[in-house]
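Below is one structure; the comments refer to it alone.
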Amino acid sequence: MNSHQRIATYSLLLISLLFTACGNSKESNPDEQMPEMTACGFGQCKPLPAGVYESAGLDPVGNAPDVTSLKGVLVRFSWKACGDDLNCLLEMVQQQLDSATTANLKVALMILDGDEAPDGVKAQCSIFDYLKRGAPASMCLAWDENYLTAKIAMIEALGLRFDSHPALAYVYFTGACSTNGAEGHCRIDEDAYTTAGYTPEKLIGAYKTIMSAYRSAFRKTPIAFEAHAIFESAEPWQSLWDQESASGRVGVASWWCAERLSINGNDTAPVWHLVQEAAETSFAVCQTVGNFTNQPYRFSDQSLGLDYGVEDQWNNNDSQNAFEQTLNWMQGINVHAGQPSVIQRFGVLESWSDDIKNPDFQNRLELF
C-alpha cells in the first residue's frame, strides 16, 4: 500500500469513527433517556433540549431573571426585523446567543414567518391577505417558488452561522401559513385560500421542503415545530412527523399546553398524538396556554372537572392548584381530566415570565 492509499484508508476510517461515535451516543450512556442523532456531521451532536425556558418579550436574554430553575430562554425575531437586511438579522441573533453564553443560558430560536416576512420577499411572491388580531395582514402563499427560495436561503444562512453555537439548544420550524408567524395554526378562510390555489398536497409539499432545509442547515441542533390543526386537520404536521420522526432530532411543541386542551379543542386535540409520539421518541415542548400566577382560569374546564376559577373570580388557591396539577400532568405524574393513563412527559417547559419570577413556584420548577 503506497502513502496515498494509506492516507485515503485512514481518512475513511476516521470518518467512519466520527459517525459511529455520534450515532452510538445513546448506547454509550445507558442512563440517557432521550435518543441522539444517528449522524450529525463532523462534530458533536447537541443533546435534545430539556428543562425550563422562559417565554419572554424584548431582549429575553438580557432580562432573564436570575433563578436557578431557568435553563434557557425563547428568543423570537420577526423575519423582517431588519427589513430585507439578512446580515442585520443574523447580527441580532448573534448578540442574543453570545449574551446567553455569558449568562450560562441556552436559547430556543424562532424566526417568525407569515405576515412577518420581509417586504422584499413579499414583493416577489403571490400574496394572501387576511386579518391578524383584526388588522390587515398578508402572507406569501406557502408553495410559491420565490417565497421558498428566499425562505431556504434564510434558513441556510442561519444554520451556517449558528448550528455550532454552544448556546443554541433548539431551533423552531416556521412556515408561511401561520396566523401569527410563530404557531402552527392558520386561522384564515379556507374557501378563500382554496381560491388562491391551496390544496392540502401543496401545503404539505411546501412544508416538507422547508423542513428538509432546516434539517440540512441544522445538522447538530435539534428542531421543533409547533402543532395546531389547520382547517381542523392534523395532516400537514402528521406528514412532517412521518418524514422526520425516525431522526430522533425533531420535536413537537404545543403552544396551547394545558391538560384540558389535550382532550378538547378542534385545533389542539387532533395533534395531541403527535405531541405524545415526540415525547416518547425525541422531545416535546409545553408552552402553557397562560400563566398560572395571574391566569389560572385559562386551565379550567368544568366539563372535565378542572376548576381553577373563572376570569373574574379566582384566588391564590386556584393559582397554586393549576400550577401544581398541570406540572404533575405534563411530567407524567398524575392525570385529572379523564385521560386513561399518565402521559409521556414533556421534556421542555416554556414558562411565562410571571411564573418564572413567582417565588412560590421556584422549588417546584427546579424539579422539572
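A note on labels: chains of the C-alpha cells are A, B, ... as shown, every chain counts residues from 1, and ligands are counted from 1 in their shown order.
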Counting only C-alpha atoms, which residues of segment 99-204 of chain A sit at most 12 Å from some atom of segment 331-353 of chain A, and what is each one's closest atom pair with its distance in Å to one decimal, listed by chain and rising residue number, as a tab-separated table?
```
residue	atom	partner	partner_atom	distance
A:Val107	CA	A:Glu350	CA	11.2
A:Ala108	CA	A:Glu350	CA	9.6
A:Ala169	CA	A:Val348	CA	11.1
A:Tyr170	CA	A:Val348	CA	10.8
```
Expected file: the selected residues, C-alpha atoms, as a PDB file, in the first residue's frame:
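Written file, part16.pdb:
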```pdb
ATOM      1  CA  VAL A 107     -31.537  29.599  23.606  1.00  0.00           C
ATOM      2  CA  ALA A 108     -34.521  28.293  21.690  1.00  0.00           C
ATOM      3  CA  ALA A 169     -30.244  24.476  22.144  1.00  0.00           C
ATOM      4  CA  TYR A 170     -33.017  24.094  19.558  1.00  0.00           C
TER       5      TYR A 170
END
```
Nearby residues (only C-alpha atoms) at most 12 Å from Pro49 of chain A, same-chain spacing under 2 positions excluded, as a PyMOL selection string: chain A and resi 33-36+45-47+51-53+71-73+106-108+167-171+221-224+249-253+279+282-285+346-350
Export of the given selection (C-alpha atoms) as a short mmCIF file (atom, residue, chain, number, x, y, z; two decimals), in the first residue's frame:
```
data_model
loop_
_atom_site.label_atom_id
_atom_site.label_comp_id
_atom_site.auth_asym_id
_atom_site.auth_seq_id
_atom_site.Cartn_x
_atom_site.Cartn_y
_atom_site.Cartn_z
CA GLN A 33 -33.40 8.81 28.35
CA MET A 34 -33.55 10.63 25.01
CA PRO A 35 -32.12 9.41 21.70
CA GLU A 36 -29.26 11.07 19.91
CA CYS A 45 -24.28 16.10 18.42
CA LYS A 46 -26.08 18.58 20.64
CA PRO A 47 -28.25 16.93 23.29
CA GLY A 51 -35.71 21.88 31.40
CA VAL A 52 -37.38 25.24 31.97
CA TYR A 53 -37.12 28.01 29.38
CA LYS A 71 -32.20 26.60 31.83
CA GLY A 72 -32.74 28.90 28.86
CA VAL A 73 -34.86 31.46 27.04
CA LYS A 106 -29.41 28.16 26.41
CA VAL A 107 -31.54 29.60 23.61
CA ALA A 108 -34.52 28.29 21.69
CA ALA A 167 -25.79 28.43 23.33
CA LEU A 168 -28.27 27.36 20.64
CA ALA A 169 -30.24 24.48 22.14
CA TYR A 170 -33.02 24.09 19.56
CA VAL A 171 -34.47 25.97 16.62
CA THR A 221 -29.09 21.36 16.56
CA PRO A 222 -32.48 19.81 17.38
CA ILE A 223 -35.51 21.26 15.60
CA ALA A 224 -39.08 21.69 16.86
CA ARG A 249 -33.85 15.04 16.34
CA VAL A 250 -37.20 16.72 15.59
CA GLY A 251 -39.61 17.52 18.40
CA VAL A 252 -43.18 18.77 18.63
CA ALA A 253 -44.26 21.83 20.60
CA ALA A 279 -42.32 12.99 23.84
CA SER A 282 -37.41 12.68 20.76
CA PHE A 283 -38.74 15.64 22.76
CA ALA A 284 -41.93 17.64 23.31
CA VAL A 285 -42.26 21.27 24.38
CA PHE A 346 -42.80 16.88 28.19
CA GLY A 347 -39.05 17.43 28.14
CA VAL A 348 -39.19 21.23 27.92
CA LEU A 349 -41.41 23.73 29.71
CA GLU A 350 -41.56 27.17 28.08
#
```
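Nearest to Val121 of chain A of all the residues A:Thr195, A:Thr149, A:Thr101, A:Ser164 is A:Thr149, counting only C-alpha atoms.
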Who sits within 12 Å of segment 90-93 of chain A, only C-alpha atoms, same chain under 2 positions skipped, as a PyMOL selection string: chain A and resi 58-61+74-82+84-88+95-100+107-111+154-162+165+167-168+171
Members of segment 24-236 of chain A assigned strand (DSSP E or B) by DSSP, as an MDAnalysis selection string: chainID A and resid 51:55 70:78 106:112 127:132 135:140 168:173 223:226 230 233
Sort by chain and increasing residue number a table of all residues of segment 172-207 of chain A within 10 Å of segment 139-147 of chain A, each with its closest pair of atoms and their distance in Å to one decimal, counting only C-alpha atoms, and write it as a tab-separated table.
```
residue	atom	partner	partner_atom	distance
A:Gly175	CA	A:Ala142	CA	7.1
A:Ala176	CA	A:Ala142	CA	5.0
A:Cys177	CA	A:Ala142	CA	6.2
A:Ser178	CA	A:Met139	CA	8.2
A:Thr179	CA	A:Met139	CA	8.7
A:Gly181	CA	A:Met139	CA	9.0
A:Tyr193	CA	A:Leu141	CA	8.9
A:Ala196	CA	A:Leu141	CA	8.1
A:Gly197	CA	A:Leu141	CA	8.4
A:Tyr198	CA	A:Leu141	CA	8.2
A:Thr199	CA	A:Trp143	CA	9.9
A:Glu201	CA	A:Trp143	CA	9.8
A:Lys202	CA	A:Trp143	CA	6.1
A:Leu203	CA	A:Ala142	CA	6.3
A:Ile204	CA	A:Trp143	CA	8.9
A:Gly205	CA	A:Trp143	CA	7.6
A:Ala206	CA	A:Trp143	CA	5.1
A:Tyr207	CA	A:Ala142	CA	7.7
```
Given the selection you just returned, output its residues as a file containing C-alpha atoms, formatted as a PDB file, in the first residue's frame.
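Output file result.pdb is given in full below:
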```
ATOM      1  CA  GLY A 175     -43.956  28.272   7.730  1.00  0.00           C
ATOM      2  CA  ALA A 176     -45.898  30.802   5.695  1.00  0.00           C
ATOM      3  CA  CYS A 177     -49.400  29.632   6.619  1.00  0.00           C
ATOM      4  CA  SER A 178     -49.251  30.873  10.197  1.00  0.00           C
ATOM      5  CA  THR A 179     -51.712  33.394  11.576  1.00  0.00           C
ATOM      6  CA  GLY A 181     -45.992  33.860  12.178  1.00  0.00           C
ATOM      7  CA  TYR A 193     -57.278  30.116   0.470  1.00  0.00           C
ATOM      8  CA  ALA A 196     -55.857  31.307  -4.138  1.00  0.00           C
ATOM      9  CA  GLY A 197     -54.604  27.849  -5.127  1.00  0.00           C
ATOM     10  CA  TYR A 198     -54.433  25.942  -1.850  1.00  0.00           C
ATOM     11  CA  THR A 199     -54.629  22.178  -1.774  1.00  0.00           C
ATOM     12  CA  GLU A 201     -50.896  18.470  -1.090  1.00  0.00           C
ATOM     13  CA  LYS A 202     -49.374  21.848  -2.000  1.00  0.00           C
ATOM     14  CA  LEU A 203     -49.133  22.943   1.624  1.00  0.00           C
ATOM     15  CA  ILE A 204     -47.696  19.615   2.749  1.00  0.00           C
ATOM     16  CA  GLY A 205     -45.159  19.626  -0.078  1.00  0.00           C
ATOM     17  CA  ALA A 206     -44.032  23.151   0.789  1.00  0.00           C
ATOM     18  CA  TYR A 207     -43.693  22.367   4.480  1.00  0.00           C
TER      19      TYR A 207
END
```
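Minimum atom-to-atom distance to Asn291 of chain A, evaluated using only C-alpha atoms, belongs to A:Asn358 out of A:Ser303, A:Ser212, A:Asn358, A:Gln325.
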Alpha helix (DSSP H) call set, DSSP backbone run, segment 221-361 of chain A, as JSON, numbers by chain: {"A": [235, 236, 237, 238, 239, 240, 241, 242, 243, 244, 272, 273, 274, 275, 276, 277, 278, 279, 280, 281, 316, 317, 318, 319, 320, 321, 322, 323, 324, 325, 326, 327, 328, 329, 330, 353, 354, 355, 356]}
Taking N, CA and C atoms for each residue, export the selection above as a compact mmCIF listing (two decimals), in the first residue's frame.
```txt
# COMPACT_ATOMS: atom_id res chain seq x y z
N GLU A 235 -53.12 16.79 9.27
CA GLU A 235 -52.35 16.16 8.21
C GLU A 235 -51.04 16.88 7.86
N PRO A 236 -50.99 18.23 7.79
CA PRO A 236 -49.69 18.84 7.47
C PRO A 236 -48.61 18.46 8.47
N TRP A 237 -48.95 18.44 9.75
CA TRP A 237 -47.96 18.12 10.78
C TRP A 237 -47.71 16.63 10.86
N GLN A 238 -48.74 15.83 10.60
CA GLN A 238 -48.54 14.39 10.54
C GLN A 238 -47.54 14.04 9.44
N SER A 239 -47.64 14.73 8.31
CA SER A 239 -46.73 14.46 7.20
C SER A 239 -45.30 14.85 7.57
N LEU A 240 -45.13 15.98 8.25
CA LEU A 240 -43.80 16.36 8.69
C LEU A 240 -43.24 15.34 9.68
N TRP A 241 -44.10 14.92 10.60
CA TRP A 241 -43.66 13.95 11.59
C TRP A 241 -43.28 12.63 10.93
N ASP A 242 -44.08 12.18 9.97
CA ASP A 242 -43.76 10.95 9.27
C ASP A 242 -42.41 11.06 8.55
N GLN A 243 -42.11 12.25 8.05
CA GLN A 243 -40.85 12.46 7.33
C GLN A 243 -39.65 12.47 8.28
N GLU A 244 -39.83 13.01 9.50
CA GLU A 244 -38.67 13.30 10.35
C GLU A 244 -38.60 12.50 11.64
N TRP A 272 -52.68 15.99 19.35
CA TRP A 272 -52.17 15.53 20.63
C TRP A 272 -51.32 14.27 20.48
N HIS A 273 -51.73 13.36 19.60
CA HIS A 273 -50.97 12.12 19.44
C HIS A 273 -49.56 12.40 18.92
N LEU A 274 -49.39 13.46 18.14
CA LEU A 274 -48.05 13.81 17.65
C LEU A 274 -47.17 14.29 18.80
N VAL A 275 -47.76 15.08 19.69
CA VAL A 275 -47.02 15.55 20.86
C VAL A 275 -46.54 14.36 21.69
N GLN A 276 -47.42 13.39 21.86
CA GLN A 276 -47.07 12.23 22.67
C GLN A 276 -46.03 11.34 21.99
N GLU A 277 -46.14 11.18 20.69
CA GLU A 277 -45.13 10.39 19.98
C GLU A 277 -43.76 11.06 20.06
N ALA A 278 -43.74 12.39 19.93
CA ALA A 278 -42.48 13.11 20.04
C ALA A 278 -41.91 13.00 21.45
N ALA A 279 -42.78 13.10 22.46
CA ALA A 279 -42.32 12.99 23.84
C ALA A 279 -41.67 11.64 24.10
N GLU A 280 -42.13 10.62 23.42
CA GLU A 280 -41.60 9.27 23.62
C GLU A 280 -40.30 9.04 22.85
N THR A 281 -40.21 9.60 21.64
CA THR A 281 -39.09 9.23 20.77
C THR A 281 -38.04 10.33 20.59
N ASN A 316 -55.73 32.77 45.06
CA ASN A 316 -54.39 32.20 45.08
C ASN A 316 -54.41 30.67 45.13
N ASN A 317 -55.42 30.09 45.75
CA ASN A 317 -55.53 28.64 45.75
C ASN A 317 -55.71 28.09 44.34
N ASP A 318 -56.52 28.81 43.52
CA ASP A 318 -56.70 28.41 42.13
C ASP A 318 -55.36 28.46 41.40
N SER A 319 -54.59 29.51 41.66
CA SER A 319 -53.29 29.65 41.02
C SER A 319 -52.36 28.50 41.41
N GLN A 320 -52.29 28.21 42.69
CA GLN A 320 -51.42 27.14 43.17
C GLN A 320 -51.86 25.77 42.65
N ASN A 321 -53.17 25.53 42.65
CA ASN A 321 -53.66 24.23 42.19
C ASN A 321 -53.45 24.05 40.70
N ALA A 322 -53.70 25.09 39.92
CA ALA A 322 -53.48 24.99 38.48
C ALA A 322 -52.02 24.70 38.18
N PHE A 323 -51.13 25.37 38.89
CA PHE A 323 -49.69 25.18 38.69
C PHE A 323 -49.27 23.75 39.05
N GLU A 324 -49.60 23.32 40.27
CA GLU A 324 -49.15 22.00 40.73
C GLU A 324 -49.75 20.88 39.90
N GLN A 325 -51.05 20.95 39.65
CA GLN A 325 -51.68 19.85 38.94
C GLN A 325 -51.26 19.80 37.48
N THR A 326 -51.09 20.96 36.86
CA THR A 326 -50.68 20.97 35.45
C THR A 326 -49.24 20.47 35.31
N LEU A 327 -48.34 20.88 36.21
CA LEU A 327 -46.98 20.36 36.13
C LEU A 327 -46.94 18.86 36.40
N ASN A 328 -47.74 18.39 37.32
CA ASN A 328 -47.79 16.95 37.55
C ASN A 328 -48.31 16.21 36.32
N TRP A 329 -49.29 16.82 35.64
CA TRP A 329 -49.79 16.22 34.40
C TRP A 329 -48.71 16.21 33.33
N MET A 330 -48.05 17.35 33.10
CA MET A 330 -47.10 17.43 31.98
C MET A 330 -45.84 16.60 32.24
N SER A 353 -42.97 34.65 32.03
CA SER A 353 -42.13 35.39 32.97
C SER A 353 -42.76 35.51 34.35
N ASP A 354 -44.08 35.74 34.40
CA ASP A 354 -44.75 35.88 35.69
C ASP A 354 -44.55 34.63 36.55
N ASP A 355 -44.55 33.47 35.92
CA ASP A 355 -44.37 32.23 36.67
C ASP A 355 -42.91 31.98 37.02
N ILE A 356 -42.01 32.30 36.10
CA ILE A 356 -40.58 32.14 36.37
C ILE A 356 -40.17 32.98 37.58
```
Among the residues A:Arg219, A:His228, A:Arg298, A:Lys357, the one that comes closest to Ala182 of chain A [using only C-alpha atoms]: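 So, comparing all the options, the nearest one is A:His228.
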